[in-house]
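coords-v7.cif, holding mmCIF, C-alpha atoms and all ligand atoms:
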```
data_model
#
loop_
_atom_site.group_PDB
_atom_site.id
_atom_site.type_symbol
_atom_site.label_atom_id
_atom_site.label_comp_id
_atom_site.auth_asym_id
_atom_site.auth_seq_id
_atom_site.Cartn_x
_atom_site.Cartn_y
_atom_site.Cartn_z
ATOM 1 C CA MET P 1 0.042 -6.274 -9.957
ATOM 2 C CA ASN P 2 -0.327 -3.375 -7.573
ATOM 3 C CA LEU P 3 -3.263 -1.177 -8.448
ATOM 4 C CA SER P 4 -4.625 1.919 -6.793
ATOM 5 C CA LEU P 5 -7.724 3.932 -7.694
ATOM 6 C CA LYS P 6 -8.259 6.925 -5.421
ATOM 7 C CA ASN P 7 -11.488 8.841 -5.473
ATOM 8 C CA VAL P 8 -11.954 8.261 -9.217
ATOM 9 C CA SER P 9 -14.898 10.002 -10.872
ATOM 10 C CA LYS P 10 -16.153 9.811 -14.431
ATOM 11 C CA ARG P 11 -19.121 11.592 -15.942
ATOM 12 C CA TYR P 12 -20.816 11.139 -19.300
ATOM 13 C CA GLY P 13 -22.622 14.438 -19.822
ATOM 14 C CA GLU P 14 -24.782 14.919 -16.746
ATOM 15 C CA PHE P 15 -24.527 11.283 -15.724
ATOM 16 C CA SER P 16 -22.019 10.170 -13.074
ATOM 17 C CA ALA P 17 -20.810 6.687 -14.061
ATOM 18 C CA LEU P 18 -18.140 6.579 -11.306
ATOM 19 C CA LYS P 19 -18.632 8.509 -8.082
ATOM 20 C CA GLY P 20 -15.315 8.695 -6.270
ATOM 21 C CA LEU P 21 -14.392 5.030 -6.667
ATOM 22 C CA ASN P 22 -11.640 3.646 -4.411
ATOM 23 C CA LEU P 23 -9.747 0.392 -4.784
ATOM 24 C CA GLU P 24 -6.315 -0.659 -3.509
ATOM 25 C CA LEU P 25 -4.693 -3.960 -4.272
ATOM 26 C CA ASP P 26 -1.277 -5.335 -3.560
ATOM 27 C CA SER P 27 0.362 -8.231 -5.345
ATOM 28 C CA SER P 28 -2.841 -9.460 -6.944
ATOM 29 C CA ARG P 29 -2.666 -11.844 -9.884
ATOM 30 C CA CYS P 30 -6.309 -11.774 -10.933
ATOM 31 C CA LEU P 31 -8.861 -9.148 -10.008
ATOM 32 C CA THR P 32 -12.427 -9.622 -11.184
ATOM 33 C CA LEU P 33 -14.989 -6.857 -11.307
ATOM 34 C CA ILE P 34 -18.528 -8.054 -10.699
ATOM 35 C CA GLY P 35 -21.813 -6.227 -10.211
ATOM 36 C CA PRO P 36 -25.094 -5.309 -11.860
ATOM 37 C CA SER P 37 -25.210 -3.959 -15.424
ATOM 38 C CA GLY P 38 -24.686 -0.224 -15.573
ATOM 39 C CA GLY P 39 -22.834 -0.201 -12.238
ATOM 40 C CA GLY P 40 -19.529 1.056 -13.699
ATOM 41 C CA LYS P 41 -17.376 -2.063 -14.252
ATOM 42 C CA SER P 42 -16.479 -1.425 -17.904
ATOM 43 C CA THR P 43 -15.899 2.261 -17.253
ATOM 44 C CA THR P 44 -13.454 1.305 -14.484
ATOM 45 C CA LEU P 45 -11.696 -1.119 -16.836
ATOM 46 C CA ARG P 46 -11.449 1.462 -19.649
ATOM 47 C CA LEU P 47 -9.899 3.973 -17.235
ATOM 48 C CA ILE P 48 -7.348 1.405 -16.017
ATOM 49 C CA ALA P 49 -6.586 0.628 -19.676
ATOM 50 C CA GLY P 50 -5.947 4.317 -20.342
ATOM 51 C CA LEU P 51 -8.619 4.257 -23.066
ATOM 52 C CA GLU P 52 -10.509 7.034 -21.312
ATOM 53 C CA LYS P 53 -9.519 9.660 -18.785
ATOM 54 C CA ALA P 54 -11.015 10.131 -15.339
ATOM 55 C CA ASP P 55 -12.531 13.530 -14.557
ATOM 56 C CA SER P 56 -10.905 13.484 -11.135
ATOM 57 C CA GLY P 57 -8.982 11.184 -8.843
ATOM 58 C CA GLN P 58 -5.817 9.147 -9.349
ATOM 59 C CA ILE P 59 -5.051 5.772 -10.847
ATOM 60 C CA SER P 60 -1.688 4.046 -10.536
ATOM 61 C CA LEU P 61 -0.529 0.672 -11.743
ATOM 62 C CA ASN P 62 2.598 -0.967 -10.352
ATOM 63 C CA GLY P 63 3.636 2.309 -8.778
ATOM 64 C CA GLN P 64 3.221 4.339 -11.972
ATOM 65 C CA LEU P 65 0.663 7.142 -11.907
ATOM 66 C CA LEU P 66 -1.469 7.285 -15.065
ATOM 67 C CA ALA P 67 -0.625 10.451 -16.915
ATOM 68 C CA ASN P 68 -3.115 12.935 -18.290
ATOM 69 C CA ASP P 69 -0.701 13.811 -21.053
ATOM 70 C CA GLU P 70 -1.859 12.141 -24.312
ATOM 71 C CA ARG P 71 1.650 11.120 -25.456
ATOM 72 C CA LYS P 72 2.493 9.447 -22.133
ATOM 73 C CA LEU P 73 -0.919 7.781 -22.071
ATOM 74 C CA LEU P 74 -0.230 6.336 -25.514
ATOM 75 C CA GLU P 75 3.020 4.807 -24.204
ATOM 76 C CA TYR P 76 1.178 3.442 -21.177
ATOM 77 C CA ARG P 77 -1.503 1.871 -23.416
ATOM 78 C CA LYS P 78 1.224 -0.029 -25.230
ATOM 79 C CA SER P 79 2.080 -1.808 -21.982
ATOM 80 C CA ILE P 80 -1.477 -3.157 -21.569
ATOM 81 C CA GLY P 81 -3.460 -5.766 -23.501
ATOM 82 C CA VAL P 82 -7.238 -5.473 -23.781
ATOM 83 C CA VAL P 83 -9.776 -8.078 -24.883
ATOM 84 C CA PHE P 84 -13.265 -6.785 -25.651
ATOM 85 C CA GLN P 85 -16.633 -8.494 -25.641
ATOM 86 C CA ALA P 86 -17.030 -8.147 -29.429
ATOM 87 C CA TYR P 87 -13.449 -9.261 -30.291
ATOM 88 C CA ASN P 88 -12.764 -6.024 -32.262
ATOM 89 C CA LEU P 89 -10.785 -7.871 -34.943
ATOM 90 C CA PHE P 90 -10.300 -6.399 -38.424
ATOM 91 C CA PRO P 91 -12.926 -8.261 -40.509
ATOM 92 C CA HIS P 92 -10.946 -8.078 -43.775
ATOM 93 C CA LEU P 93 -7.721 -9.534 -42.311
ATOM 94 C CA ASP P 94 -6.934 -13.154 -41.467
ATOM 95 C CA ALA P 95 -6.101 -14.283 -37.913
ATOM 96 C CA LEU P 96 -2.349 -14.066 -38.463
ATOM 97 C CA THR P 97 -2.471 -10.510 -39.856
ATOM 98 C CA ASN P 98 -4.839 -9.382 -37.097
ATOM 99 C CA ILE P 99 -1.982 -10.194 -34.740
ATOM 100 C CA THR P 100 1.011 -9.082 -36.823
ATOM 101 C CA LEU P 101 -0.399 -5.709 -37.921
ATOM 102 C CA PRO P 102 -0.447 -4.045 -34.463
ATOM 103 C CA LEU P 103 2.904 -5.643 -33.628
ATOM 104 C CA GLU P 104 4.428 -3.970 -36.700
ATOM 105 C CA LYS P 105 2.501 -0.673 -36.702
ATOM 106 C CA VAL P 106 2.232 0.010 -32.970
ATOM 107 C CA HIS P 107 4.968 -1.980 -31.264
ATOM 108 C CA GLY P 108 7.782 -1.638 -33.798
ATOM 109 C CA PHE P 109 8.353 -5.323 -34.586
ATOM 110 C CA ASN P 110 9.823 -6.108 -38.004
ATOM 111 C CA LYS P 111 7.782 -8.390 -40.277
ATOM 112 C CA THR P 112 9.746 -11.571 -39.518
ATOM 113 C CA ALA P 113 9.674 -11.056 -35.737
ATOM 114 C CA ALA P 114 5.944 -10.217 -35.839
ATOM 115 C CA GLN P 115 5.139 -13.360 -37.842
ATOM 116 C CA SER P 116 7.224 -15.540 -35.580
ATOM 117 C CA ARG P 117 5.571 -14.136 -32.415
ATOM 118 C CA ALA P 118 2.073 -14.435 -33.957
ATOM 119 C CA ASN P 119 2.669 -18.053 -34.999
ATOM 120 C CA GLU P 120 3.963 -18.894 -31.528
ATOM 121 C CA LEU P 121 0.745 -17.535 -29.982
ATOM 122 C CA LEU P 122 -1.554 -19.122 -32.562
ATOM 123 C CA ASP P 123 0.119 -22.400 -31.717
ATOM 124 C CA ARG P 124 -0.212 -21.821 -27.951
ATOM 125 C CA LEU P 125 -3.920 -21.053 -28.356
ATOM 126 C CA GLN P 126 -4.432 -24.033 -30.687
ATOM 127 C CA LEU P 127 -5.305 -21.864 -33.660
ATOM 128 C CA SER P 128 -2.463 -22.744 -36.031
ATOM 129 C CA GLU P 129 -4.730 -24.432 -38.554
ATOM 130 C CA HIS P 130 -6.922 -21.309 -38.633
ATOM 131 C CA SER P 131 -4.205 -18.723 -39.117
ATOM 132 C CA HIS P 132 -5.279 -17.825 -42.650
ATOM 133 C CA LYS P 133 -8.990 -17.571 -41.905
ATOM 134 C CA LYS P 134 -10.820 -14.260 -41.569
ATOM 135 C CA PRO P 135 -13.103 -13.563 -38.576
ATOM 136 C CA SER P 136 -16.222 -14.478 -40.626
ATOM 137 C CA GLU P 137 -14.730 -17.949 -41.200
ATOM 138 C CA LEU P 138 -14.090 -18.588 -37.492
ATOM 139 C CA SER P 139 -16.412 -19.429 -34.582
ATOM 140 C CA GLY P 140 -17.016 -16.877 -31.815
ATOM 141 C CA GLY P 141 -14.750 -18.806 -29.457
ATOM 142 C CA GLN P 142 -11.982 -18.975 -32.069
ATOM 143 C CA ASN P 143 -12.308 -15.242 -32.780
ATOM 144 C CA GLN P 144 -12.043 -14.469 -29.089
ATOM 145 C CA ARG P 145 -8.927 -16.650 -28.854
ATOM 146 C CA VAL P 146 -7.405 -14.710 -31.782
ATOM 147 C CA ALA P 147 -8.235 -11.500 -29.889
ATOM 148 C CA ILE P 148 -6.515 -12.929 -26.794
ATOM 149 C CA ALA P 149 -3.458 -13.853 -28.888
ATOM 150 C CA ARG P 150 -3.367 -10.296 -30.252
ATOM 151 C CA ALA P 151 -3.640 -8.818 -26.755
ATOM 152 C CA LEU P 152 -0.808 -11.057 -25.519
ATOM 153 C CA ALA P 153 1.498 -10.605 -28.490
ATOM 154 C CA HIS P 154 3.502 -7.623 -27.217
ATOM 155 C CA ASP P 155 3.927 -9.267 -23.803
ATOM 156 C CA PRO P 156 1.876 -6.730 -21.820
ATOM 157 C CA ALA P 157 2.344 -6.150 -18.091
ATOM 158 C CA LEU P 158 -1.384 -6.609 -17.607
ATOM 159 C CA LEU P 159 -4.262 -8.146 -19.573
ATOM 160 C CA LEU P 160 -7.731 -6.653 -19.265
ATOM 161 C CA PHE P 161 -10.869 -8.553 -20.267
ATOM 162 C CA ASP P 162 -14.199 -6.758 -20.699
ATOM 163 C CA GLU P 163 -16.935 -9.420 -20.511
ATOM 164 C CA PRO P 164 -14.947 -11.701 -22.822
ATOM 165 C CA THR P 165 -17.597 -14.411 -23.039
ATOM 166 C CA SER P 166 -20.871 -12.514 -23.070
ATOM 167 C CA ALA P 167 -21.273 -12.910 -26.858
ATOM 168 C CA LEU P 168 -20.584 -16.653 -26.714
ATOM 169 C CA ASP P 169 -22.669 -19.785 -26.156
ATOM 170 C CA PRO P 170 -21.817 -21.958 -23.112
ATOM 171 C CA ASN P 171 -19.398 -24.273 -24.973
ATOM 172 C CA MET P 172 -17.461 -21.437 -26.532
ATOM 173 C CA SER P 173 -17.496 -19.537 -23.227
ATOM 174 C CA ALA P 174 -15.902 -22.535 -21.530
ATOM 175 C CA GLU P 175 -13.218 -22.725 -24.238
ATOM 176 C CA VAL P 176 -12.325 -19.048 -23.739
ATOM 177 C CA LEU P 177 -12.502 -19.149 -19.925
ATOM 178 C CA ASP P 178 -10.143 -22.143 -19.926
ATOM 179 C CA VAL P 179 -7.622 -20.107 -21.937
ATOM 180 C CA ILE P 180 -7.885 -17.170 -19.506
ATOM 181 C CA GLU P 181 -7.479 -19.501 -16.534
ATOM 182 C CA GLU P 182 -4.354 -21.017 -18.087
ATOM 183 C CA LEU P 183 -2.882 -17.558 -18.653
ATOM 184 C CA ILE P 184 -3.462 -16.678 -14.996
ATOM 185 C CA GLN P 185 -1.877 -19.947 -13.889
ATOM 186 C CA ASP P 186 1.096 -19.212 -16.154
ATOM 187 C CA GLY P 187 1.647 -15.921 -14.316
ATOM 188 C CA THR P 188 -0.132 -13.294 -16.446
ATOM 189 C CA ASP P 189 -1.732 -10.550 -14.345
ATOM 190 C CA CYS P 190 -5.362 -10.055 -15.338
ATOM 191 C CA ILE P 191 -8.369 -7.901 -14.571
ATOM 192 C CA VAL P 192 -11.627 -9.440 -15.764
ATOM 193 C CA VAL P 193 -15.118 -7.952 -15.937
ATOM 194 C CA THR P 194 -17.413 -10.946 -15.888
ATOM 195 C CA HIS P 195 -20.858 -12.276 -15.106
ATOM 196 C CA GLN P 196 -19.487 -15.830 -14.891
ATOM 197 C CA MET P 197 -19.626 -16.233 -11.128
ATOM 198 C CA SER P 198 -18.159 -19.734 -10.888
ATOM 199 C CA PHE P 199 -15.200 -18.607 -12.993
ATOM 200 C CA ALA P 200 -14.732 -15.481 -10.831
ATOM 201 C CA LYS P 201 -14.874 -17.568 -7.680
ATOM 202 C CA ARG P 202 -12.306 -20.061 -8.992
ATOM 203 C CA VAL P 203 -9.658 -17.832 -10.566
ATOM 204 C CA SER P 204 -9.683 -14.519 -8.665
ATOM 205 C CA ASP P 205 -7.496 -13.688 -5.740
ATOM 206 C CA SER P 206 -9.378 -10.403 -5.380
ATOM 207 C CA ILE P 207 -12.885 -9.358 -6.327
ATOM 208 C CA ALA P 208 -14.480 -5.920 -6.389
ATOM 209 C CA PHE P 209 -18.256 -5.652 -6.347
ATOM 210 C CA ILE P 210 -19.055 -2.451 -8.215
ATOM 211 C CA THR P 211 -22.514 -0.948 -8.091
ATOM 212 C CA ASN P 212 -23.843 2.557 -8.538
ATOM 213 C CA GLY P 213 -20.409 3.891 -9.554
ATOM 214 C CA GLU P 214 -18.603 2.714 -6.410
ATOM 215 C CA VAL P 215 -16.814 -0.331 -5.019
ATOM 216 C CA ALA P 216 -19.438 -1.492 -2.545
ATOM 217 C CA GLU P 217 -17.434 -4.516 -1.391
ATOM 218 C CA TYR P 218 -13.934 -5.778 -1.965
ATOM 219 C CA GLY P 219 -12.162 -8.900 -0.783
ATOM 220 C CA SER P 220 -10.881 -12.362 -1.525
ATOM 221 C CA SER P 221 -12.989 -14.841 -3.434
ATOM 222 C CA SER P 222 -14.175 -16.433 -0.189
ATOM 223 C CA ASP P 223 -14.909 -13.027 1.433
ATOM 224 C CA ILE P 224 -17.173 -12.126 -1.463
ATOM 225 C CA PHE P 225 -18.880 -15.447 -2.134
ATOM 226 C CA ASP P 226 -19.000 -17.016 1.336
ATOM 227 C CA THR P 227 -19.451 -13.998 3.603
ATOM 228 C CA PRO P 228 -20.976 -11.111 1.609
ATOM 229 C CA ASN P 229 -21.567 -8.141 3.922
ATOM 230 C CA THR P 230 -23.955 -5.826 2.130
ATOM 231 C CA PRO P 231 -27.561 -6.606 1.156
ATOM 232 C CA GLU P 232 -26.690 -5.332 -2.365
ATOM 233 C CA LEU P 233 -24.020 -8.006 -2.853
ATOM 234 C CA ARG P 234 -26.191 -10.710 -1.281
ATOM 235 C CA ASN P 235 -29.060 -9.849 -3.658
ATOM 236 C CA PHE P 236 -26.742 -9.662 -6.642
ATOM 237 C CA LEU P 237 -25.225 -13.080 -5.934
ATOM 238 C CA GLU P 238 -28.643 -14.597 -5.341
ATOM 239 C CA GLN P 239 -29.815 -13.381 -8.755
ATOM 240 C CA GLU P 240 -26.622 -14.353 -10.590
ATOM 241 C CA LEU P 241 -26.444 -17.826 -9.080
ATOM 242 C CA LYS P 242 -30.132 -18.559 -9.675
ATOM 243 C CA TYR P 243 -29.766 -19.709 -13.290
HETATM 244 P P1 LIG S 1 -21.180 -1.960 -16.435
HETATM 245 O O1 LIG S 1 -19.907 -2.353 -17.117
HETATM 246 O O2 LIG S 1 -21.140 -2.214 -14.944
HETATM 247 O O3 LIG S 1 -22.393 -2.554 -17.071
HETATM 248 P P2 LIG S 1 -20.610 0.647 -17.536
HETATM 249 O O4 LIG S 1 -19.322 1.045 -16.956
HETATM 250 O O5 LIG S 1 -20.624 0.104 -18.938
HETATM 251 O O6 LIG S 1 -21.344 -0.381 -16.561
HETATM 252 O O7 LIG S 1 -21.601 1.862 -17.511
HETATM 253 C C1 LIG S 1 -21.841 2.640 -16.337
HETATM 254 C C2 LIG S 1 -22.863 3.699 -16.683
HETATM 255 O O8 LIG S 1 -22.255 4.662 -17.536
HETATM 256 C C3 LIG S 1 -24.086 3.155 -17.426
HETATM 257 O O9 LIG S 1 -25.222 3.817 -16.958
HETATM 258 C C4 LIG S 1 -23.793 3.504 -18.851
HETATM 259 O O10 LIG S 1 -24.992 3.700 -19.574
HETATM 260 C C5 LIG S 1 -22.978 4.784 -18.734
HETATM 261 N N1 LIG S 1 -22.013 4.913 -19.838
HETATM 262 C C6 LIG S 1 -20.966 4.092 -20.062
HETATM 263 N N2 LIG S 1 -20.267 4.500 -21.155
HETATM 264 C C7 LIG S 1 -20.926 5.586 -21.629
HETATM 265 C C8 LIG S 1 -20.700 6.477 -22.734
HETATM 266 N N3 LIG S 1 -19.665 6.317 -23.563
HETATM 267 N N4 LIG S 1 -21.582 7.479 -22.897
HETATM 268 C C9 LIG S 1 -22.622 7.666 -22.058
HETATM 269 N N5 LIG S 1 -22.878 6.873 -21.001
HETATM 270 C C10 LIG S 1 -22.047 5.852 -20.786
#
```
Here is the file; what I need is its structure written in the form of structure tokens.
Amino acid sequence: MNLSLKNVSKRYGEFSALKGLNLELDSSRCLTLIGPSGGGKSTTLRLIAGLEKADSGQISLNGQLLANDERKLLEYRKSIGVVFQAYNLFPHLDALTNITLPLEKVHGFNKTAAQSRANELLDRLQLSEHSHKKPSELSGGQNQRVAIARALAHDPALLLFDEPTSALDPNMSAEVLDVIEELIQDGTDCIVVTHQMSFAKRVSDSIAFITNGEVAEYGSSSDIFDTPNTPELRNFLEQELKY
């Protein structure tokens, strides 16, 4: 992916969540956003996803400037897949229907094509035997894998993950992180907000350290983890790697 954020600002009421954030990346496969809670990572991700609009500044993905026009933004959102911390599955629908419904209602698949695509993904994510279970009948890790299957189903240009494992215990986190790592290895472009530092270090080709509404440091995995420049990043890594 090529991604550019130029002087991007976002306010919530009086509060400035992003204060003229800048980030430029060329031909990156996996960008991770790290930093302290409240620093602006999820806000950045939601703006890149087109789920919210910036107050000022410009965002472009693969050479395409994000529109302000609601209809164009809706089209853009269809080209992205997003996985949220809390899965955001429909509780009354089984795993299969959680995947087929958006394919039919949003992406224009017919029923047969949607079912075939959903079954292919359930199989790929080793969920075939759970396809008729509802979210309450699945573990957290399985629910997150269903959410990943749903996000992948329309073959998006980019997958965004917003703290995909923070609701999961260590075993389930590992199961979900392995799936994300496989997707990256298979060539899916991803942006991941995460507190899992060893995962970020292993899978990212670029990392942005976001704090106080700005990118305070940006670089390769080894730039960030082996030679952090700012005291803020050094302190952050010390805290994160302590436990
Ligand atoms: P991070 O992902 O780094 O934890 P966020 O992007 O979620 O940070 O939040 C950045 C700041 O913006 C926080 O102070 C948060 O409370 C605030 N914020 C985020 N979303 C909203 C919202 N919808 N309404 C009001 N404040 C928000």
* Using the chain letters and numbering of this document, enumerate as an MDAnalysis selection string the residues selected by the PyMOL selection byres (((chain P and resi 136-149) around 8) and not hetatm). => chainID P and resid 83 87:89 91 95 98:99 118 121:122 125 127 130 133:135 150:153 164 167:168 172:173 175:176 179
Could you write out that same residue set with C-alpha atoms as a CSV table (one decimal), keeping the file's coordinate frame?
```
chain,number,residue,atom,x,y,z
P,83,VAL,CA,-9.8,-8.1,-24.9
P,87,TYR,CA,-13.4,-9.3,-30.3
P,88,ASN,CA,-12.8,-6.0,-32.3
P,89,LEU,CA,-10.8,-7.9,-34.9
P,91,PRO,CA,-12.9,-8.3,-40.5
P,95,ALA,CA,-6.1,-14.3,-37.9
P,98,ASN,CA,-4.8,-9.4,-37.1
P,99,ILE,CA,-2.0,-10.2,-34.7
P,118,ALA,CA,2.1,-14.4,-34.0
P,121,LEU,CA,0.7,-17.5,-30.0
P,122,LEU,CA,-1.6,-19.1,-32.6
P,125,LEU,CA,-3.9,-21.1,-28.4
P,127,LEU,CA,-5.3,-21.9,-33.7
P,130,HIS,CA,-6.9,-21.3,-38.6
P,133,LYS,CA,-9.0,-17.6,-41.9
P,134,LYS,CA,-10.8,-14.3,-41.6
P,135,PRO,CA,-13.1,-13.6,-38.6
P,150,ARG,CA,-3.4,-10.3,-30.3
P,151,ALA,CA,-3.6,-8.8,-26.8
P,152,LEU,CA,-0.8,-11.1,-25.5
P,153,ALA,CA,1.5,-10.6,-28.5
P,164,PRO,CA,-14.9,-11.7,-22.8
P,167,ALA,CA,-21.3,-12.9,-26.9
P,168,LEU,CA,-20.6,-16.7,-26.7
P,172,MET,CA,-17.5,-21.4,-26.5
P,173,SER,CA,-17.5,-19.5,-23.2
P,175,GLU,CA,-13.2,-22.7,-24.2
P,176,VAL,CA,-12.3,-19.0,-23.7
P,179,VAL,CA,-7.6,-20.1,-21.9
```
* To do: Please write as number ranges by chain the full residue list that the PyMOL selection byres (((chain P and resi 161) around 12) and not hetatm) yields on this file.
  => P: 30-33, 41-42, 44-46, 48-49, 80-87, 144-145, 147-148, 151-152, 158-160, 162-166, 176-177, 180, 189-195
* Rank P:His154, P:Asn2, P:Thr43, P:Ser9 by their smallest atom-to-atom distance to Phe109 in chain P, using all atoms listed in the file, and report the top residue only. =>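 Selected residue with least distance to Phe109 in chain P: P:His154.
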* To do: Excluding Arg234 in chain P and any residue of its chain fewer than 5 positions from it, enumerate the residues within 12 Å of it, using only C-alpha atoms, and give them as number ranges by chain.
  => P: 35-36, 209, 216-217, 223-229, 239-241
Let me have the centre and edge lengths of the axis-aligned box enclosing all listed atoms of range 19-25 of chain P with 4 Å padding on every side, in Å to one decimal, as AutoDock Vina command-line options.
```
--center_x -11.7 --center_y 2.4 --center_z -5.8 --size_x 21.9 --size_y 20.7 --size_z 12.6
```
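Here the question is which of P:Arg71, P:Glu214, P:Arg124, P:Tyr76 gets nearest to ligand LIG 1 (chain S) using all atoms listed in the file, and that residue is P:Glu214.
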* Taking all atoms listed in the file into account, which of P:Ser128, P:Asn7, P:Ser198, P:Ser37 comes nearest ligand LIG 1 (chain S)? ->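 The closest residue to ligand LIG 1 (chain S) is P:Ser37.
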* **Coordinates-based distance that separates CA of Ala67 in chain P from CA of Ser16 in chain P (Å, one decimal)** =>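 Value for the CA of Ser16 in chain P-CA of Ala67 in chain P distance: 21.7 Å.
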* Asked: Which is closer to Glu75 in chain P than all the others in P:Ile34, P:Ala17, P:Val106, P:Ile184, using all atoms listed in the file?
  ->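 Closest candidate: P:Val106.
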* To do: Identify which of the residues P:Ile210, P:Leu21, P:Ala54, P:Ile59 lies closest to ligand LIG 1 (chain S), counting all atoms listed in the file when measuring atom-to-atom distances.
  =>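 Smallest distance to ligand LIG 1 (chain S) is found for P:Ile210.
Residue nearest ligand LIG 1 (chain S) within the list P:Ser206, P:Asn212, P:Asn68, P:Ser79: P:Asn212 [criterion: smallest interatomic distance, only C-alpha atoms and all ligand atoms].
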* Structure fact -> CA of Gly108 in chain P to CA of Lys78 in chain P measures 10.9 Å
* Can you list what the PyMOL selection byres (((chain P and resi 22) around 9) and not hetatm) grabs from this structure, as a list of chain:residue names? ->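 With the PyMOL selection byres (((chain P and resi 22) around 9) and not hetatm) on this model, the match is P:Ser4, P:Leu5, P:Lys6, P:Asn7, P:Val8, P:Gly20, P:Leu21, P:Leu23, P:Glu24, P:Glu214, P:Val215.
Taking atom C4 of ligand LIG 1 (chain S) and CA of Asn171 in chain P as endpoints, the distance between them is 28.8 Å.
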